[in-house]
Structures are given as structure tokens and as C-alpha cells.
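work.cif follows (mmCIF, C-alpha atoms):
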data_final
#
loop_
_atom_site.label_atom_id
_atom_site.label_comp_id
_atom_site.auth_asym_id
_atom_site.auth_seq_id
_atom_site.Cartn_x
_atom_site.Cartn_y
_atom_site.Cartn_z
CA MET A 1 101.91 111.31 115.85
CA THR A 2 105.45 110.54 116.95
CA SER A 3 108.42 109.31 114.94
CA GLU A 4 107.93 105.95 116.63
CA ASP A 5 104.29 105.84 115.43
CA LEU A 6 105.39 106.71 111.89
CA GLN A 7 108.12 104.07 111.96
CA LYS A 8 105.62 101.45 113.18
CA LEU A 9 103.33 102.30 110.25
CA LEU A 10 106.24 102.08 107.82
CA ASP A 11 107.27 98.72 109.28
CA GLU A 12 103.72 97.39 108.90
CA CYS A 13 102.93 98.71 105.42
CA THR A 14 103.84 97.13 102.09
CA PRO A 15 107.39 98.10 101.15
CA GLY A 16 107.56 100.48 98.20
CA PRO A 17 108.03 102.03 95.93
CA TRP A 18 104.46 103.24 95.79
CA ASN A 19 103.45 104.57 92.36
CA VAL A 20 100.50 105.99 90.47
CA THR A 21 99.94 104.19 87.16
CA ASP A 22 97.42 104.64 84.36
CA GLY A 23 94.95 102.02 83.19
CA MET A 24 92.39 102.39 80.41
CA ARG A 25 89.61 103.75 82.62
CA ALA A 26 91.29 104.30 85.96
CA ARG A 27 94.48 105.34 87.68
CA PHE A 28 95.93 102.97 90.25
CA ILE A 29 98.09 103.35 93.31
CA GLU A 30 100.43 100.39 93.07
CA VAL A 31 102.77 98.97 95.66
CA ALA A 32 105.20 96.22 94.69
CA GLY A 33 103.17 95.56 91.54
CA CYS A 34 99.85 95.15 93.39
CA HIS A 35 96.92 97.54 93.18
CA LEU A 36 96.40 99.30 96.50
CA ALA A 37 93.65 101.66 95.35
CA HIS A 38 92.16 103.06 92.17
CA PHE A 39 90.12 106.01 91.01
CA SER A 40 88.22 106.85 87.86
CA LYS A 41 89.91 108.75 85.04
CA ASP A 42 86.55 110.32 84.23
CA GLU A 43 87.39 113.68 82.68
CA ASP A 44 84.29 115.19 84.32
CA GLY A 45 85.36 114.02 87.80
CA PRO A 46 87.03 116.14 90.44
CA LYS A 47 90.45 117.39 89.37
CA HIS A 48 91.90 116.67 92.79
CA ARG A 49 91.68 112.88 92.37
CA GLU A 50 95.07 112.58 90.67
CA ALA A 51 96.72 114.86 93.24
CA ASN A 52 95.17 112.78 96.04
CA ALA A 53 96.57 109.60 94.47
CA ARG A 54 100.05 111.11 94.13
CA LEU A 55 99.95 112.27 97.76
CA ILE A 56 98.91 108.81 98.96
CA ALA A 57 101.71 107.24 96.92
CA MET A 58 104.20 109.67 98.51
CA ALA A 59 103.10 108.88 102.10
CA PRO A 60 105.91 106.39 102.92
CA SER A 61 108.60 108.74 101.60
CA LEU A 62 107.10 111.68 103.48
CA ALA A 63 106.98 109.63 106.69
CA ARG A 64 110.66 108.73 106.32
CA ARG A 65 111.52 112.41 105.78
CA VAL A 66 109.61 113.43 108.92
CA ILE A 67 111.39 110.75 110.97
CA ALA A 68 114.79 111.84 109.63
CA ALA A 69 114.02 115.54 110.16
CA GLU A 70 112.96 114.92 113.76
CA ALA A 71 116.16 112.94 114.40
CA LEU A 72 118.21 115.80 112.95
CA ILE A 73 116.40 118.37 115.09
CA GLN A 74 116.95 116.21 118.18
CA ALA A 75 120.67 115.79 117.41
CA LEU A 76 121.10 119.54 116.85
CA SER A 77 119.19 120.35 120.04
CA LYS A 78 121.41 118.01 122.06
CA GLN A 79 124.52 119.66 120.67
CA LEU A 80 123.31 123.13 121.58
CA THR A 81 122.82 122.17 125.23
CA ARG A 82 126.15 120.38 125.73
CA GLU A 83 129.34 121.58 127.36
CA PRO A 84 131.83 121.81 125.79
CA LEU A 85 130.00 123.22 122.84
CA ILE A 86 131.75 120.90 120.37
CA ASP A 87 131.27 117.23 121.22
CA VAL A 88 132.62 114.69 118.71
CA SER A 89 129.94 112.06 119.43
CA ALA A 90 127.20 114.69 119.05
CA ALA A 91 128.77 115.89 115.81
CA GLU A 92 128.77 112.31 114.50
CA GLU A 93 125.09 112.00 115.46
CA ILE A 94 124.33 115.23 113.57
CA VAL A 95 126.19 113.99 110.48
CA ALA A 96 124.35 110.64 110.58
CA ALA A 97 120.98 112.38 111.01
CA THR A 98 121.79 114.79 108.16
CA LEU A 99 122.71 111.92 105.84
CA ALA A 100 119.50 110.06 106.75
CA TYR A 101 117.46 113.17 105.98
CA GLU A 102 119.20 113.67 102.64
CA GLU A 103 118.62 110.02 101.72
CA ALA A 104 114.92 110.26 102.64
CA SER A 105 114.65 113.51 100.65
CA ASN A 106 115.99 111.85 97.50
CA GLU A 107 113.31 109.14 97.33
#

Encoded form using C-alpha cells:
Amino acid sequence: MTSEDLQKLLDECTPGPWNVTDGMRARFIEVAGCHLAHFSKDEDGPKHREANARLIAMAPSLARRVIAAEALIQALSKQLTREPLIDVSAAEEIVAATLAYEEASNE
């Protein structure tokens, strides 16, 4: 999956934040106040259900981090292959990519 594929998915999905909330008998993955999915809170059920729900809720944030990390790697790679070694426009691209990654990491 490419960064472009991830961005297309992000553009098409419901804008976040995505959260896991508790109901009386179930936990819900909510997006913009709407239930996206739910799972039983049955104490005898598999313990991985809550972790699965949290991972699903984190998917948009993780996708943004991957996109930002790939942009940062690309900007750094470009800089390493340029002559002269220090290029102001490449440095600006690296700073912008670094800031985007930090922003995505703080979600």
C-alpha cells in the first residue's frame, strides 16, 4: 500500500476523531458521534476484543503517521543525493516533513 493509497482511504473515510466508548453491554467504535462498530463486553469473551477496537480506532492516526514518515524519508533521501550537499529548498522540505510527522504523532 502506498502513501497515495493511504491518503485516498483517509479522504474517503469519516473524519475523526475515532474513539472507543463504553455502553452498558458493549463497547463501541465511534466516529463523529456515530457508532461504526461494536463488540460485546462479555467478561468471558476473548481479551483481545478491546485491543482490536483500540487498534481500529487508531487506524486513521496511524495512516497519517505512515504518510508523514514516508514523506520525511523521501525528503531526507533527496537531500543525501544532491550536490551541493546542503540545499536550502531540500532543507525546507525536510523541516516541513518533520513537522508533519510530529503533528501526526501527537494525535

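When you apply the PyMOL selection byres ((chain A and resi 14) around 12) to this structure, what comes back is Leu9, Leu10, Asp11, Glu12, Cys13, Pro15, Gly16, Pro17, Trp18, Glu30, Val31, Ala32, Gly33, Cys34, His35, Leu36, Ala57, Ala59 and Pro60 of chain A.
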
I'd like the contact shell of Phe28 in chain A - 9 Å cut-off, all atoms listed in the file, skipping same-chain residues fewer than 2 positions apart - returned as an mmCIF file with C-alpha atoms, keeping the file's coordinate frame.
data_model
loop_
_atom_site.group_PDB
_atom_site.id
_atom_site.type_symbol
_atom_site.label_atom_id
_atom_site.label_comp_id
_atom_site.auth_asym_id
_atom_site.auth_seq_id
_atom_site.Cartn_x
_atom_site.Cartn_y
_atom_site.Cartn_z
ATOM 1 C CA ASN A 19 103.450 104.570 92.360
ATOM 2 C CA VAL A 20 100.500 105.990 90.470
ATOM 3 C CA THR A 21 99.940 104.190 87.160
ATOM 4 C CA ASP A 22 97.420 104.640 84.360
ATOM 5 C CA GLY A 23 94.950 102.020 83.190
ATOM 6 C CA ALA A 26 91.290 104.300 85.960
ATOM 7 C CA GLU A 30 100.430 100.390 93.070
ATOM 8 C CA HIS A 35 96.920 97.540 93.180
ATOM 9 C CA LEU A 36 96.400 99.300 96.500
ATOM 10 C CA ALA A 37 93.650 101.660 95.350
ATOM 11 C CA HIS A 38 92.160 103.060 92.170
ATOM 12 C CA PHE A 39 90.120 106.010 91.010
ATOM 13 C CA SER A 40 88.220 106.850 87.860
ATOM 14 C CA ALA A 53 96.570 109.600 94.470
#

What's the 10 Å shell around Ala71 in chain A, counting only C-alpha atoms, without same-chain residues fewer than 2 positions away, as a list in words?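 Here the qualifying residues turn out to be Ser3, Arg65, Val66, Ile67, Ala68, Ala69, Ile73, Gln74, Ala75, Leu76, Ser77, Glu93, Ile94, Ala96, Ala97, Thr98, Ala100 and Tyr101 of chain A.
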
I'd like the neighbourhood of Leu6 in chain A as a PyMOL selection string, where a residue qualifies if any of its atoms comes within 8 Å (using all atoms listed in the file), though same-chain residues fewer than 5 positions away should be ignored. chain A and resi 1+63-64+67

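Going from CA of Val95 in chain A to CA of Asp5 in chain A covers 23.9 Å.
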
In Å, with one decimal, what is the gap from CA of Lys8 in chain A to CA of Leu55 in chain A?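 Rounded to one decimal, the two atoms are 19.7 Å apart.
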
One decimal place gives the CA of Glu50 in chain A-CA of Thr2 in chain A separation as 28.3 Å
